[in-house]
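Notes to accompany the following structure.
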Amino acid sequence: MSRIALLASAAAVYLVAAWMVAPGFYDGFTPQQPYHFVCPPIHYGGNQSPTSGHLDIKVLGGVSDANVAFTDDAQVLIDFLPGAFDVTGKTVVPVDIKPVGPCPKPPGLTFATNAYVITAGASLVKKATVVMRYSDLIPAPSNIYHADSPDGPWTSIPVQSEAQPFTIDATIDKFGYYAAGYPSNAVSHGGPNSQILPIAIAVLIIAILLAGVPLAIVRRRGTAHEAEPDDSAP
C-alpha cells in the first residue's frame, strides 16, 4: 500500500470514528475531571463538595437573551435560546442551579449524578437543553429524571443521542429537580467501559499513522539510492 493510500485510509477511519462519537471526539482525550458528589460512593476518595451556579439573563427589547447557566464546577449546564422565557414585566431573569442534599433515594432508581434543583424568575416558553456530567468511575446513567419535589415522584425524560463523553443531556420545558441515573433492576446504557470505543479507535488511528512512517522512510531511501550516479559506467 502506498503512503498516500495509507494516509487516506487513516483519514477515512478518523472521519468514521469522529462521526460515531461526535462532538466530543474532536476535543482529544484529556483526563476526566473528578466528580464532586453530595453523597460520594464508598470507594470514592478525595471528594469535594459540588458547587452551585447563578446567572442573570438580560431582557432586551422584550425578549430574553440567549445564554448558558452552569454550576461553577461545570457539572450541570443549561442552554437557553433567545426568547426562552415569559418575560412579561421583567428586565432580567435570574436562574439558579443548586445541588440537593440529602441525596434523594427514590425506590427503583439509582442516581449516577447529584440531584439538582433548577429555579428561575420566569417560566419557559421555549425548551432549554440541560447537560449533566457524571463520573467515569461509576456506571453511566441511561436517563435524566425530573421531579417537582426531592421526594418525587421522579419521571424519566427523553435524552439526546449525541452527547459529549461522560455527559448526558435532554431538552426540558420546566424547572424543578433533575438527576441522571438508571432503573435499579437494569444495566445502565454505558458503564465503566462506556468510553472504550473512542479510545480504541484513537489507538487504531495512531497505529495506522505510525505504520506509515517506516514505509515512507524505506521508499525515500530507495528513491535516493536510485538517483545516485553510477561512477563505474564509462
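Following the order of the C-alpha cells, first chain is A, next is B, and so on, with residues numbered from 1 inside each chain and ligands from 1 in the order they appear.
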
Could you give me, as a tab-separated table, every range 46-162 of chain A residue with an atom at most 7 Å from range 166-184 of chain A, plus its closest atom pair and distance in Å to one decimal, counting only C-alpha atoms, rows ordered by chain then number?
residue	atom	partner	partner_atom	distance
A:Gly108	CA	A:Ser184	CA	5.2
A:Leu109	CA	A:Pro183	CA	4.5
A:Thr110	CA	A:Ser184	CA	5.3
A:Phe111	CA	A:Gly181	CA	4.0
A:Ala112	CA	A:Gly181	CA	4.8
A:Thr113	CA	A:Ala180	CA	5.5
A:Asn114	CA	A:Ala179	CA	6.1
A:Ala115	CA	A:Ala179	CA	4.4
A:Tyr116	CA	A:Tyr178	CA	5.3
A:Val117	CA	A:Tyr177	CA	4.3
A:Ile118	CA	A:Gly176	CA	5.3
A:Thr119	CA	A:Phe175	CA	5.8
A:Leu124	CA	A:Asp173	CA	6.1
A:Lys126	CA	A:Asp173	CA	6.7
A:Lys127	CA	A:Asp173	CA	4.7
A:Ala128	CA	A:Ile172	CA	5.4
A:Thr129	CA	A:Thr171	CA	4.3
A:Val130	CA	A:Asp169	CA	5.5
A:Val131	CA	A:Asp169	CA	4.2
A:Met132	CA	A:Ile168	CA	5.4
A:Arg133	CA	A:Thr167	CA	4.3
A:Tyr134	CA	A:Phe166	CA	5.6
A:Ser135	CA	A:Phe166	CA	6.7
A:Asp136	CA	A:Phe166	CA	6.5
A:Pro141	CA	A:Gly181	CA	4.2
A:Ser142	CA	A:Tyr182	CA	5.4
A:Asn143	CA	A:Gly181	CA	5.6
A:Ile144	CA	A:Ala180	CA	4.2
A:Tyr145	CA	A:Ala179	CA	5.4
A:His146	CA	A:Tyr178	CA	4.7
A:Ala147	CA	A:Tyr177	CA	5.1
A:Asp148	CA	A:Gly176	CA	5.2
A:Ser149	CA	A:Tyr177	CA	6.5
A:Pro150	CA	A:Tyr177	CA	6.6
A:Pro158	CA	A:Ala170	CA	6.3
A:Val159	CA	A:Ala170	CA	4.4
A:Gln160	CA	A:Ala170	CA	5.4

Can you spit out the residues from that selection as a compact mmCIF listing (two decimals), in the first residue's frame, using C-alpha atoms?
# COMPACT_ATOMS: atom_id res chain seq x y z
CA GLY A 108 -36.41 1.54 41.88
CA LEU A 109 -33.90 4.14 40.69
CA THR A 110 -30.15 4.57 41.06
CA PHE A 111 -28.79 8.08 40.52
CA ALA A 112 -25.34 8.35 38.95
CA THR A 113 -25.22 12.13 39.44
CA ASN A 114 -26.19 14.54 42.15
CA ALA A 115 -29.76 15.75 42.16
CA TYR A 116 -30.03 19.45 41.36
CA VAL A 117 -32.84 21.91 41.84
CA ILE A 118 -33.14 24.41 38.98
CA THR A 119 -35.17 27.57 39.55
CA LEU A 124 -40.10 28.71 30.00
CA LYS A 126 -39.23 27.53 24.69
CA LYS A 127 -37.44 24.32 25.54
CA ALA A 128 -33.94 24.52 27.02
CA THR A 129 -31.16 21.92 26.92
CA VAL A 130 -29.79 20.57 30.19
CA VAL A 131 -26.43 18.79 30.20
CA MET A 132 -25.33 16.74 33.23
CA ARG A 133 -21.80 15.45 33.71
CA TYR A 134 -21.16 12.15 35.51
CA SER A 135 -18.14 10.32 36.91
CA ASP A 136 -16.11 7.86 34.85
CA PRO A 141 -26.70 6.88 33.50
CA SER A 142 -29.22 5.98 30.83
CA ASN A 143 -31.92 8.54 31.70
CA ILE A 144 -32.46 12.00 33.10
CA TYR A 145 -35.23 12.21 35.69
CA HIS A 146 -37.40 15.14 36.76
CA ALA A 147 -39.47 15.75 39.89
CA ASP A 148 -41.32 18.66 41.43
CA SER A 149 -40.05 17.64 44.88
CA PRO A 150 -36.96 15.77 46.11
CA PRO A 158 -36.06 11.53 26.65
CA VAL A 159 -32.31 12.01 26.34
CA GLN A 160 -30.47 13.12 23.25

Backbone DSSP call of strand (DSSP E or B) for range 79-203 of chain A, listed as a PyMOL selection string: chain A and resi 79-80+85+92-99+109-111+116-120+124+128-133+143-147+155-157+159+167-172+176-183

Just write the chosen residues, N, CA and C atoms, as a short mmCIF file (atom, residue, chain, number, x, y, z; two decimals), in the first residue's frame.
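Saved as part_25.cif:
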data_model
loop_
_atom_site.label_atom_id
_atom_site.label_comp_id
_atom_site.auth_asym_id
_atom_site.auth_seq_id
_atom_site.Cartn_x
_atom_site.Cartn_y
_atom_site.Cartn_z
N ASP A 79 -28.66 25.42 28.49
CA ASP A 79 -28.54 26.30 27.33
C ASP A 79 -29.92 26.85 26.98
N PHE A 80 -30.04 28.18 27.02
CA PHE A 80 -31.31 28.84 26.73
C PHE A 80 -31.27 29.54 25.38
N PHE A 85 -37.92 32.62 27.75
CA PHE A 85 -38.72 32.88 28.94
C PHE A 85 -39.92 33.77 28.66
N VAL A 92 -34.89 41.33 33.76
CA VAL A 92 -33.85 40.32 33.95
C VAL A 92 -34.51 39.05 34.50
N VAL A 93 -33.95 37.91 34.14
CA VAL A 93 -34.46 36.62 34.62
C VAL A 93 -33.33 35.90 35.36
N PRO A 94 -33.41 35.78 36.68
CA PRO A 94 -32.38 35.04 37.42
C PRO A 94 -32.59 33.54 37.29
N VAL A 95 -31.49 32.81 37.14
CA VAL A 95 -31.52 31.35 37.07
C VAL A 95 -30.53 30.81 38.10
N ASP A 96 -30.98 29.83 38.88
CA ASP A 96 -30.13 29.23 39.91
C ASP A 96 -30.12 27.71 39.77
N ILE A 97 -28.93 27.12 39.97
CA ILE A 97 -28.76 25.67 39.96
C ILE A 97 -28.07 25.29 41.27
N LYS A 98 -28.71 24.42 42.05
CA LYS A 98 -28.14 24.07 43.35
C LYS A 98 -28.19 22.55 43.56
N PRO A 99 -27.09 21.97 44.05
CA PRO A 99 -27.13 20.54 44.39
C PRO A 99 -28.04 20.29 45.58
N LEU A 109 -34.82 3.34 41.50
CA LEU A 109 -33.90 4.14 40.69
C LEU A 109 -32.55 4.24 41.38
N THR A 110 -31.49 4.31 40.57
CA THR A 110 -30.15 4.57 41.06
C THR A 110 -29.63 5.81 40.36
N PHE A 111 -29.30 6.84 41.11
CA PHE A 111 -28.79 8.08 40.52
C PHE A 111 -27.27 8.00 40.40
N TYR A 116 -30.13 17.99 41.35
CA TYR A 116 -30.03 19.45 41.36
C TYR A 116 -31.42 20.06 41.27
N VAL A 117 -31.61 21.16 41.97
CA VAL A 117 -32.84 21.91 41.84
C VAL A 117 -32.54 23.13 40.98
N ILE A 118 -33.32 23.30 39.93
CA ILE A 118 -33.14 24.41 38.98
C ILE A 118 -34.35 25.33 39.10
N THR A 119 -34.10 26.59 39.41
CA THR A 119 -35.17 27.57 39.55
C THR A 119 -34.87 28.78 38.69
N ALA A 120 -35.91 29.53 38.35
CA ALA A 120 -35.75 30.74 37.55
C ALA A 120 -36.85 31.73 37.90
N LEU A 124 -40.59 28.93 31.36
CA LEU A 124 -40.10 28.71 30.00
C LEU A 124 -41.26 28.73 29.00
N ALA A 128 -35.36 24.30 26.77
CA ALA A 128 -33.94 24.52 27.02
C ALA A 128 -33.25 23.16 27.04
N THR A 129 -31.94 23.16 26.88
CA THR A 129 -31.16 21.92 26.92
C THR A 129 -30.37 21.86 28.21
N VAL A 130 -30.55 20.77 28.96
CA VAL A 130 -29.79 20.57 30.19
C VAL A 130 -28.76 19.48 29.93
N VAL A 131 -27.53 19.74 30.35
CA VAL A 131 -26.43 18.79 30.20
C VAL A 131 -25.90 18.47 31.59
N MET A 132 -25.80 17.17 31.92
CA MET A 132 -25.33 16.74 33.23
C MET A 132 -24.09 15.88 33.04
N ARG A 133 -23.03 16.23 33.75
CA ARG A 133 -21.80 15.45 33.71
C ARG A 133 -21.83 14.38 34.80
N ASN A 143 -30.77 7.63 31.75
CA ASN A 143 -31.92 8.54 31.70
C ASN A 143 -31.65 9.77 32.55
N ILE A 144 -32.37 10.83 32.22
CA ILE A 144 -32.46 12.00 33.10
C ILE A 144 -33.86 12.01 33.69
N TYR A 145 -33.95 12.26 34.99
CA TYR A 145 -35.23 12.21 35.69
C TYR A 145 -35.58 13.59 36.24
N HIS A 146 -36.89 13.86 36.27
CA HIS A 146 -37.40 15.14 36.76
C HIS A 146 -38.43 14.89 37.86
N ALA A 147 -38.45 15.81 38.83
CA ALA A 147 -39.47 15.75 39.89
C ALA A 147 -39.77 17.18 40.34
N THR A 155 -39.82 11.13 37.19
CA THR A 155 -40.19 10.60 35.87
C THR A 155 -39.05 10.83 34.89
N SER A 156 -38.83 9.87 34.01
CA SER A 156 -37.75 9.99 33.02
C SER A 156 -38.18 10.89 31.87
N ILE A 157 -37.22 11.57 31.29
CA ILE A 157 -37.45 12.39 30.11
C ILE A 157 -36.51 11.91 29.01
N VAL A 159 -33.65 11.45 26.43
CA VAL A 159 -32.31 12.01 26.34
C VAL A 159 -31.89 12.08 24.88
N THR A 167 -21.14 12.77 29.66
CA THR A 167 -22.26 13.67 29.86
C THR A 167 -23.52 13.04 29.30
N ILE A 168 -24.66 13.50 29.78
CA ILE A 168 -25.95 13.08 29.27
C ILE A 168 -26.82 14.33 29.21
N ASP A 169 -27.60 14.50 28.15
CA ASP A 169 -28.37 15.74 28.03
C ASP A 169 -29.77 15.46 27.48
N ALA A 170 -30.63 16.42 27.75
CA ALA A 170 -32.03 16.31 27.32
C ALA A 170 -32.61 17.72 27.23
N THR A 171 -33.73 17.83 26.55
CA THR A 171 -34.44 19.10 26.49
C THR A 171 -35.51 19.12 27.58
N ILE A 172 -35.68 20.29 28.19
CA ILE A 172 -36.65 20.44 29.28
C ILE A 172 -37.57 21.61 28.97
N GLY A 176 -37.34 22.58 38.16
CA GLY A 176 -37.62 21.64 39.25
C GLY A 176 -36.37 20.89 39.61
N TYR A 177 -36.54 19.62 39.97
CA TYR A 177 -35.43 18.77 40.41
C TYR A 177 -35.02 17.84 39.27
N TYR A 178 -33.71 17.73 39.06
CA TYR A 178 -33.20 16.89 37.97
C TYR A 178 -32.02 16.05 38.47
N ALA A 179 -31.95 14.82 37.98
CA ALA A 179 -30.84 13.93 38.26
C ALA A 179 -30.75 12.92 37.12
N ALA A 180 -29.56 12.36 36.92
CA ALA A 180 -29.36 11.34 35.89
C ALA A 180 -29.07 10.01 36.56
N GLY A 181 -29.64 8.95 36.02
CA GLY A 181 -29.43 7.63 36.59
C GLY A 181 -30.02 6.54 35.72
N TYR A 182 -30.43 5.44 36.34
CA TYR A 182 -30.98 4.31 35.61
C TYR A 182 -31.83 3.47 36.56
N PRO A 183 -32.73 2.64 36.02
CA PRO A 183 -33.52 1.76 36.89
C PRO A 183 -32.61 0.80 37.65
#

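We find CA of Asn67 in chain A and CA of Ser161 in chain A to be spaced 22.7 Å apart.
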
List the neighbours of range 88-90 of chain A out to 12 Å using only C-alpha atoms; skip same-chain residues closer than 2 positions along the sequence, and give me the result as a PDB file with N, CA and C atoms, in the first residue's frame.
ATOM      1  N   ASP A  56     -27.902  35.768  35.642  1.00  0.00           N
ATOM      2  CA  ASP A  56     -28.948  36.759  35.375  1.00  0.00           C
ATOM      3  C   ASP A  56     -29.036  36.958  33.864  1.00  0.00           C
ATOM      4  N   ILE A  57     -30.136  36.529  33.280  1.00  0.00           N
ATOM      5  CA  ILE A  57     -30.331  36.651  31.836  1.00  0.00           C
ATOM      6  C   ILE A  57     -31.035  37.967  31.537  1.00  0.00           C
ATOM      7  N   LYS A  58     -30.440  38.755  30.683  1.00  0.00           N
ATOM      8  CA  LYS A  58     -30.985  40.065  30.358  1.00  0.00           C
ATOM      9  C   LYS A  58     -32.195  39.946  29.430  1.00  0.00           C
ATOM     10  N   VAL A  59     -33.096  40.899  29.571  1.00  0.00           N
ATOM     11  CA  VAL A  59     -34.256  41.010  28.684  1.00  0.00           C
ATOM     12  C   VAL A  59     -34.031  42.227  27.801  1.00  0.00           C
ATOM     13  N   LEU A  60     -33.898  42.004  26.505  1.00  0.00           N
ATOM     14  CA  LEU A  60     -33.600  43.068  25.558  1.00  0.00           C
ATOM     15  C   LEU A  60     -34.732  43.178  24.551  1.00  0.00           C
ATOM     16  N   GLY A  61     -35.369  44.345  24.506  1.00  0.00           N
ATOM     17  CA  GLY A  61     -36.473  44.545  23.582  1.00  0.00           C
ATOM     18  C   GLY A  61     -37.631  43.605  23.830  1.00  0.00           C
ATOM     19  N   GLY A  62     -37.876  43.270  25.094  1.00  0.00           N
ATOM     20  CA  GLY A  62     -38.974  42.384  25.425  1.00  0.00           C
ATOM     21  C   GLY A  62     -38.706  40.920  25.161  1.00  0.00           C
ATOM     22  N   VAL A  63     -37.421  40.551  24.913  1.00  0.00           N
ATOM     23  CA  VAL A  63     -37.052  39.165  24.625  1.00  0.00           C
ATOM     24  C   VAL A  63     -35.863  38.788  25.496  1.00  0.00           C
ATOM     25  N   SER A  64     -35.935  37.641  26.153  1.00  0.00           N
ATOM     26  CA  SER A  64     -34.801  37.191  26.962  1.00  0.00           C
ATOM     27  C   SER A  64     -33.636  36.803  26.062  1.00  0.00           C
ATOM     28  N   GLY A  83     -35.464  34.333  23.681  1.00  0.00           N
ATOM     29  CA  GLY A  83     -36.894  34.302  23.896  1.00  0.00           C
ATOM     30  C   GLY A  83     -37.381  33.059  24.605  1.00  0.00           C
ATOM     31  N   PHE A  85     -37.920  32.617  27.746  1.00  0.00           N
ATOM     32  CA  PHE A  85     -38.720  32.879  28.939  1.00  0.00           C
ATOM     33  C   PHE A  85     -39.922  33.766  28.657  1.00  0.00           C
ATOM     34  N   ASP A  86     -40.923  33.612  29.495  1.00  0.00           N
ATOM     35  CA  ASP A  86     -42.038  34.560  29.529  1.00  0.00           C
ATOM     36  C   ASP A  86     -41.571  35.745  30.365  1.00  0.00           C
ATOM     37  N   VAL A  92     -34.893  41.328  33.762  1.00  0.00           N
ATOM     38  CA  VAL A  92     -33.853  40.318  33.952  1.00  0.00           C
ATOM     39  C   VAL A  92     -34.512  39.050  34.499  1.00  0.00           C
ATOM     40  N   VAL A  93     -33.945  37.907  34.140  1.00  0.00           N
ATOM     41  CA  VAL A  93     -34.458  36.623  34.624  1.00  0.00           C
ATOM     42  C   VAL A  93     -33.331  35.903  35.360  1.00  0.00           C
ATOM     43  N   PRO A  94     -33.410  35.780  36.680  1.00  0.00           N
ATOM     44  CA  PRO A  94     -32.381  35.041  37.417  1.00  0.00           C
ATOM     45  C   PRO A  94     -32.592  33.539  37.295  1.00  0.00           C
ATOM     46  N   GLY A 121     -36.598  32.986  37.560  1.00  0.00           N
ATOM     47  CA  GLY A 121     -37.559  34.037  37.867  1.00  0.00           C
ATOM     48  C   GLY A 121     -38.681  34.156  36.859  1.00  0.00           C
ATOM     49  N   ALA A 122     -38.738  33.249  35.899  1.00  0.00           N
ATOM     50  CA  ALA A 122     -39.811  33.254  34.893  1.00  0.00           C
ATOM     51  C   ALA A 122     -39.956  31.848  34.353  1.00  0.00           C
ATOM     52  N   SER A 123     -41.103  31.546  33.806  1.00  0.00           N
ATOM     53  CA  SER A 123     -41.341  30.219  33.249  1.00  0.00           C
ATOM     54  C   SER A 123     -40.831  30.145  31.810  1.00  0.00           C
ATOM     55  N   LEU A 124     -40.589  28.931  31.361  1.00  0.00           N
ATOM     56  CA  LEU A 124     -40.102  28.714  29.998  1.00  0.00           C
ATOM     57  C   LEU A 124     -41.259  28.732  28.996  1.00  0.00           C
ATOM     58  N   VAL A 125     -40.999  29.354  27.845  1.00  0.00           N
ATOM     59  CA  VAL A 125     -41.930  29.272  26.727  1.00  0.00           C
ATOM     60  C   VAL A 125     -41.269  28.564  25.538  1.00  0.00           C
TER      61      VAL A 125
END
